[in-house]
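Have a look at model.cif below; it lists mmCIF, C-alpha atoms.
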```cif
data_run
loop_
_atom_site.label_atom_id
_atom_site.label_comp_id
_atom_site.auth_asym_id
_atom_site.auth_seq_id
_atom_site.Cartn_x
_atom_site.Cartn_y
_atom_site.Cartn_z
CA VAL I 1 191.57 127.96 157.70
CA GLY I 2 190.45 131.56 157.97
CA GLU I 3 190.41 132.06 154.21
CA ARG I 4 188.39 128.87 153.78
CA CYS I 5 185.87 130.04 156.36
CA VAL I 6 185.39 133.33 154.53
CA ALA I 7 184.98 131.51 151.21
CA VAL I 8 182.36 129.15 152.59
CA GLU I 9 180.42 131.90 154.37
CA SER I 10 180.51 133.96 151.18
CA LEU I 11 178.79 131.05 149.44
CA ILE I 12 176.16 130.97 152.16
CA PHE I 13 175.57 134.69 151.64
CA LEU I 14 175.11 134.11 147.90
CA VAL I 15 172.59 131.37 148.70
CA THR I 16 170.62 133.88 150.81
CA VAL I 17 170.63 136.33 147.94
CA ALA I 18 169.67 133.66 145.42
CA ASP I 19 166.72 132.58 147.56
CA ALA I 20 165.58 136.18 147.95
CA ILE I 21 165.51 136.87 144.21
CA ARG I 22 164.15 133.47 143.20
CA PRO I 23 160.51 134.57 142.78
CA GLU I 24 161.55 137.52 140.62
CA LEU I 25 163.86 135.34 138.51
CA MET I 26 161.04 132.88 137.93
CA ARG I 27 158.90 135.74 136.71
CA LEU I 28 161.51 137.21 134.38
CA VAL I 29 162.94 134.13 132.66
CA PRO I 30 161.27 132.77 129.52
CA PRO I 31 158.84 129.90 130.21
CA LYS I 32 161.07 127.40 128.40
CA THR I 33 163.95 128.05 130.84
CA VAL I 34 161.94 127.88 134.07
CA MET I 35 162.74 124.19 134.43
CA ASP I 36 166.47 124.86 133.98
CA LEU I 37 166.31 127.45 136.74
CA GLU I 38 164.51 125.00 139.03
CA VAL I 39 167.23 122.42 138.37
CA PHE I 40 169.92 125.01 139.19
CA TYR I 41 168.31 125.79 142.53
CA ASP I 42 167.71 122.14 143.40
CA ASN I 43 171.14 120.82 142.38
CA THR I 44 173.37 123.78 143.22
CA VAL I 45 171.89 126.40 145.53
CA GLU I 46 170.15 124.06 147.96
CA VAL I 47 173.17 121.79 148.48
CA VAL I 48 175.52 124.58 149.60
CA PRO I 49 174.59 124.25 153.33
CA GLU I 50 175.42 120.54 153.15
CA LEU I 51 178.69 121.40 151.44
CA ARG I 52 179.47 123.85 154.24
CA ASN I 53 178.99 121.14 156.88
CA ALA I 54 181.18 118.73 154.92
CA ILE I 55 183.98 121.29 154.61
CA TYR I 56 183.77 122.38 158.24
CA ARG I 57 184.01 118.78 159.46
CA GLN I 58 187.52 118.66 158.03
CA PHE I 59 188.74 121.80 159.82
CA PRO I 60 189.54 120.16 163.20
CA CYS I 61 191.91 117.71 161.50
CA ILE I 62 193.80 120.72 160.17
CA THR I 63 193.74 122.89 163.28
CA VAL I 64 194.83 120.27 165.84
CA ALA I 65 196.63 117.28 164.32
CA MET I 66 196.38 114.12 166.42
CA ASP I 67 197.98 111.27 164.45
CA ASP I 68 201.31 111.54 166.27
CA VAL I 69 199.50 111.84 169.62
CA ILE I 70 197.67 108.57 168.99
CA SER I 71 200.98 106.94 168.09
CA ASN I 72 202.52 108.29 171.30
CA ILE I 73 199.65 106.91 173.39
CA THR I 74 199.90 103.42 171.90
CA GLN I 75 203.65 103.28 172.53
CA MET I 76 203.38 104.15 176.22
CA LYS I 77 203.50 101.57 179.01
CA TRP I 78 199.99 101.63 180.49
CA ASP I 79 200.16 98.49 182.63
CA SER I 80 202.73 99.87 185.07
CA LYS I 81 202.14 99.02 188.73
CA GLU I 82 203.38 102.45 189.74
CA LEU I 83 201.12 105.46 189.23
CA ALA I 84 202.93 108.41 187.64
CA VAL I 85 202.89 111.62 189.66
CA ARG I 86 202.87 113.77 186.53
CA HIS I 87 200.66 113.79 183.46
CA SER I 88 201.83 112.17 180.23
CA SER I 89 203.89 114.06 177.64
CA TYR I 90 201.19 113.86 174.94
CA VAL I 91 199.04 116.20 177.06
CA ASP I 92 201.69 118.91 176.68
CA VAL I 93 201.68 118.39 172.91
CA ILE I 94 197.91 118.95 172.73
CA GLN I 95 198.14 121.98 175.04
CA ASP I 96 200.84 123.59 172.89
CA ARG I 97 198.83 123.06 169.72
CA PHE I 98 195.74 124.65 171.24
CA VAL I 99 197.76 127.66 172.41
CA GLU I 100 199.09 128.06 168.87
CA PHE I 101 195.61 127.59 167.39
CA HIS I 102 194.04 130.08 169.79
CA GLY I 103 196.68 132.64 168.85
CA ALA I 104 195.95 132.10 165.16
CA LEU I 105 192.23 132.67 165.79
CA LYS I 106 192.97 136.03 167.40
CA GLN I 107 194.93 137.08 164.32
CA MET I 108 191.96 136.12 162.12
CA GLU I 109 189.37 138.06 164.13
CA TRP I 110 189.15 140.92 161.64
CA PHE I 111 187.87 138.71 158.81
CA LEU I 112 186.58 135.57 160.53
CA PRO I 113 182.76 135.30 160.71
CA VAL I 114 181.58 135.75 164.31
CA ALA I 115 180.05 132.25 164.53
CA MET I 116 183.25 130.61 163.33
CA ARG I 117 185.38 131.25 166.42
CA PRO I 118 183.25 129.15 168.83
CA PHE I 119 182.67 126.60 166.08
CA LEU I 120 186.36 126.10 165.37
CA LEU I 121 187.25 125.93 169.06
CA ARG I 122 184.49 123.49 170.04
CA SER I 123 184.78 121.29 166.98
CA SER I 124 188.53 121.05 167.57
CA VAL I 125 187.93 120.00 171.18
CA LEU I 126 185.47 117.37 170.00
CA HIS I 127 188.05 116.15 167.49
CA VAL I 128 190.71 115.91 170.20
CA MET I 129 188.43 114.02 172.59
CA GLU I 130 187.35 111.54 169.92
CA GLN I 131 190.95 110.98 168.89
CA LEU I 132 192.02 110.42 172.49
CA VAL I 133 189.38 107.71 172.75
CA GLU I 134 190.76 106.23 169.53
CA GLY I 135 194.26 106.23 170.98
CA TYR I 136 193.17 104.66 174.27
CA SER I 137 191.23 101.97 172.43
CA ARG I 138 194.42 100.84 170.69
CA ILE I 139 196.29 100.16 173.94
CA LYS I 140 197.10 96.46 174.15
CA LYS I 141 198.12 96.01 177.79
CA VAL I 142 196.33 97.68 180.70
CA GLY I 143 196.41 97.35 184.46
CA PRO I 144 194.64 98.61 187.59
CA ASN I 145 196.35 102.00 187.32
CA THR I 146 195.50 102.54 183.66
CA PRO I 147 192.20 104.41 184.14
CA LEU I 148 193.74 106.47 186.94
CA ALA I 149 196.61 107.58 184.69
CA MET I 150 194.18 108.37 181.88
CA SER I 151 191.94 110.37 184.23
CA ASN I 152 194.91 112.37 185.47
CA ASP I 153 195.87 113.22 181.88
CA ILE I 154 192.34 114.28 180.96
CA SER I 155 191.95 116.39 184.12
CA THR I 156 195.18 118.21 183.32
CA LEU I 157 194.11 118.77 179.70
CA LYS I 158 190.67 119.97 180.79
CA LEU I 159 192.09 122.56 183.18
CA SER I 160 194.44 123.80 180.47
CA LEU I 161 191.73 124.16 177.80
CA GLN I 162 189.46 125.98 180.22
CA GLN I 163 191.96 128.84 180.26
CA ILE I 164 190.30 129.78 176.97
CA PRO I 165 187.10 131.67 177.93
CA GLU I 166 184.97 130.04 175.21
CA LEU I 167 185.92 126.61 176.53
CA LYS I 168 184.87 127.07 180.14
CA PRO I 169 183.40 124.66 181.03
CA CYS I 170 185.30 122.45 178.62
CA PRO I 171 182.87 120.82 176.15
CA PHE I 172 182.90 117.14 175.16
CA VAL I 173 185.37 116.09 177.84
CA GLU I 174 182.79 113.61 179.13
CA HIS I 175 183.23 111.70 175.87
CA VAL I 176 186.67 110.60 177.07
CA GLU I 177 185.79 110.41 180.75
CA ASN I 178 182.94 107.97 180.08
CA PHE I 179 185.18 105.81 177.92
CA ILE I 180 187.81 105.64 180.64
CA THR I 181 185.26 104.17 183.07
CA GLY I 182 185.31 101.01 180.97
CA TYR I 183 188.92 100.38 182.01
CA PHE I 184 187.85 99.95 185.64
CA PHE I 185 186.37 96.57 184.73
CA GLN I 186 188.40 93.53 185.76
CA SER I 187 189.19 90.60 183.51
CA THR I 188 187.02 88.45 185.79
CA GLU I 189 183.99 90.71 185.33
CA ALA I 190 180.82 88.93 184.19
CA SER I 191 180.20 89.44 180.47
CA ASN I 192 176.66 90.70 181.08
CA VAL I 193 178.04 93.55 183.22
CA ILE I 194 180.47 94.56 180.48
CA LEU I 195 177.77 94.29 177.81
CA GLU I 196 175.46 96.50 179.83
CA TRP I 197 178.14 99.18 179.93
CA VAL I 198 178.63 98.78 176.18
CA ARG I 199 174.92 99.26 175.47
CA GLN I 200 174.81 102.37 177.66
CA HIS I 201 177.59 104.01 175.61
CA PRO I 202 176.59 103.99 171.92
CA MET I 203 178.83 106.96 171.11
CA TYR I 204 181.93 104.83 170.48
CA THR I 205 182.73 102.84 167.33
CA THR I 206 182.81 99.07 167.26
CA SER I 207 186.59 98.99 166.92
CA GLN I 208 187.01 101.33 169.90
CA VAL I 209 184.76 99.29 172.20
CA VAL I 210 186.26 96.00 171.02
CA GLY I 211 189.74 97.40 171.69
CA LEU I 212 188.77 98.43 175.22
CA VAL I 213 187.04 95.16 176.08
CA THR I 214 189.85 93.07 174.58
CA SER I 215 192.55 94.83 176.60
CA VAL I 216 190.49 94.49 179.78
CA LEU I 217 189.73 90.80 179.28
CA GLU I 218 193.35 90.02 178.45
CA SER I 219 194.75 91.95 181.41
CA GLY I 220 194.23 89.07 183.85
CA SER I 221 197.28 87.06 182.85
CA SER I 222 199.68 87.63 185.72
CA SER I 223 203.34 87.91 184.85
CA SER I 224 204.10 85.82 187.95
CA MET I 225 202.38 82.76 186.47
CA THR I 226 204.49 80.00 185.02
CA SER I 227 204.20 79.67 181.25
CA THR I 228 202.19 76.43 181.67
CA LEU I 229 199.68 77.96 184.09
CA LYS I 230 199.39 81.06 181.94
CA TYR I 231 198.70 78.92 178.86
CA MET I 232 196.03 76.91 180.69
CA ASN I 233 194.48 80.09 182.06
CA MET I 234 194.30 81.77 178.65
CA LYS I 235 193.06 78.62 176.94
CA GLY I 236 190.13 78.46 179.35
CA LYS I 237 189.32 82.11 178.77
CA SER I 238 189.68 82.15 175.00
CA GLN I 239 186.23 80.81 174.17
CA ALA I 240 184.46 83.02 176.71
CA THR I 241 186.42 86.04 175.49
CA LYS I 242 185.55 85.25 171.89
CA GLU I 243 181.86 84.99 172.71
CA THR I 244 181.93 88.26 174.66
CA LEU I 245 183.64 90.09 171.82
CA GLN I 246 181.09 88.75 169.35
CA GLN I 247 178.32 90.09 171.56
CA VAL I 248 180.12 93.43 171.80
CA GLN I 249 180.37 93.66 168.03
CA GLU I 250 176.68 92.96 167.66
CA ALA I 251 175.74 95.49 170.35
CA THR I 252 177.82 98.25 168.73
CA ARG I 253 176.85 97.58 165.12
CA THR I 254 174.90 100.86 164.82
CA ASN I 255 177.17 102.99 167.01
CA SER I 256 178.51 106.29 165.71
CA LEU I 257 180.75 109.11 166.91
CA PRO I 258 179.19 112.41 168.05
CA SER I 259 180.96 114.27 165.23
CA SER I 260 179.19 112.17 162.61
CA SER I 261 175.79 113.65 163.39
CA ILE I 262 176.32 116.99 165.13
CA THR I 263 175.53 120.00 162.94
CA PHE I 264 177.28 123.32 162.49
CA GLU I 265 174.45 125.12 164.30
CA GLU I 266 174.59 122.72 167.24
CA LEU I 267 178.34 123.10 167.60
CA CYS I 268 178.06 126.87 167.68
CA GLN I 269 175.48 126.71 170.48
CA ILE I 270 177.05 124.02 172.69
CA SER I 271 178.77 125.32 175.80
CA THR I 272 178.70 122.26 178.11
#
```
Target encoding structure tokens, full file:
Amino acid sequence: VGERCVAVESLIFLVTVADAIRPELMRLVPPKTVMDLEVFYDNTVEVVPELRNAIYRQFPCITVAMDDVISNITQMKWDSKELAVRHSSYVDVIQDRFVEFHGALKQMEWFLPVAMRPFLLRSSVLHVMEQLVEGYSRIKKVGPNTPLAMSNDISTLKLSLQQIPELKPCPFVEHVENFITGYFFQSTEASNVILEWVRQHPMYTTSQVVGLVTSVLESGSSSSMTSTLKYMNMKGKSQATKETLQQVQEATRTNSLPSSSITFEELCQIST
């Protein structure tokens, strides 16, 4: 990662130099090649900042891998009636990876551009928070204790990350905390109440919101019901659930994740 950062920032430096000498180059080149020089600047020099953003957006996936964490989350039993007294094991995995990553950053200090340290830290936190939401959205069965267990995990993770000076207060944690509030809804909640929450949170993808709403709406089937009563209960709900999910899909059609629009400059400046 460090070598890639240096390579990209070296390109940015060359862009600065190229812009500075552009007027003189235009004056020195033969008239018949002026157009070629303009094309070079338009198609090569001016796109480098966009290339930098595209490259940097991939760094968090490298620095803090989350695929196995998501898999771990989806395999856990989240509808337990007993609230765990300790945080979940996937929190320890994320903590260990950040400790390792933070140590690697210290070793790269001598050649890493100054702006890159806060960028890499904050963009990695954003990546983790977005991936946690993705993992939670894939949970099939939830219960009354689900949001409490999630909140306990996030609180533990937040306190751990804040041990890193640049991450105090921990940025982007509200992205997960706000998503967790959706799990406090009951399966009997009026659809308009759920839809209002959906519209107030446009920072989650359609699949994530649909996953949350589906798990909440399907959580009302009590295991104590007889199979016949359960079937009748679900049959009555199916049409209403289908209509609610269709409305959710429509309401989230233009939603997008924070990482899809945030810029390099913004990430370097964000501290809360």
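Taking CA of Ser215 (chain I) as the reference point, CA of Thr252 (chain I) is found at 17.0 Å.
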Residues matched by the PyMOL selection byres ((chain I and resi 178-192) around 6), written as a PDB file with C-alpha atoms, in the coordinates of the input:
```pdb
ATOM      1  CA  PRO I 147     192.200 104.410 184.140  1.00  0.00           C
ATOM      2  CA  GLU I 174     182.790 113.610 179.130  1.00  0.00           C
ATOM      3  CA  HIS I 175     183.230 111.700 175.870  1.00  0.00           C
ATOM      4  CA  VAL I 176     186.670 110.600 177.070  1.00  0.00           C
ATOM      5  CA  GLU I 177     185.790 110.410 180.750  1.00  0.00           C
ATOM      6  CA  VAL I 193     178.040  93.550 183.220  1.00  0.00           C
ATOM      7  CA  ILE I 194     180.470  94.560 180.480  1.00  0.00           C
ATOM      8  CA  LEU I 195     177.770  94.290 177.810  1.00  0.00           C
ATOM      9  CA  VAL I 216     190.490  94.490 179.780  1.00  0.00           C
ATOM     10  CA  LEU I 217     189.730  90.800 179.280  1.00  0.00           C
ATOM     11  CA  GLY I 220     194.230  89.070 183.850  1.00  0.00           C
TER      12      GLY I 220
END
```
I want to know what sits within 12 Å of region 26-28 of chain I, based on all atoms listed in the file, with residues of the same chain fewer than 5 positions away left out; could you give that as a compact mmCIF listing (two decimals) with C-alpha atoms, in the frame of the given file?
```txt
# COMPACT_ATOMS: atom_id res chain seq x y z
CA ALA I 18 169.67 133.66 145.42
CA ASP I 19 166.72 132.58 147.56
CA ALA I 20 165.58 136.18 147.95
CA ILE I 21 165.51 136.87 144.21
CA THR I 33 163.95 128.05 130.84
CA VAL I 34 161.94 127.88 134.07
CA MET I 35 162.74 124.19 134.43
CA ASP I 36 166.47 124.86 133.98
CA LEU I 37 166.31 127.45 136.74
CA GLU I 38 164.51 125.00 139.03
CA PHE I 40 169.92 125.01 139.19
CA TYR I 41 168.31 125.79 142.53
```
From the list I:Ala104, I:Leu257, I:Ala251, I:Val142, the nearest residue to Gln200 (chain I) using all atoms listed in the file is I:Ala251
Resolved residues for the PyMOL selection byres ((chain I and resi 15-17) around 10) as a PyMOL selection string = chain I and resi 9-14+18-22+41+44-49
Can you give me, as a list of chain:residue names, the residues this file yields under the PyMOL selection byres ((chain I and resi 112-124) around 6)?
-> I:Pro60, I:Met108, I:Glu109, I:Phe111, I:Val125, I:Leu126, I:His127, I:Leu267, I:Cys268
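Taking CA of Ser219 (chain I) and CA of Lys141 (chain I) as endpoints, the distance between them is 6.4 Å.
You can rank I:Val93, I:Val133, I:Ile73, I:Val29 by their closest distance to Met203 (chain I) using all atoms listed in the file, and at the top of that list sits I:Val133.
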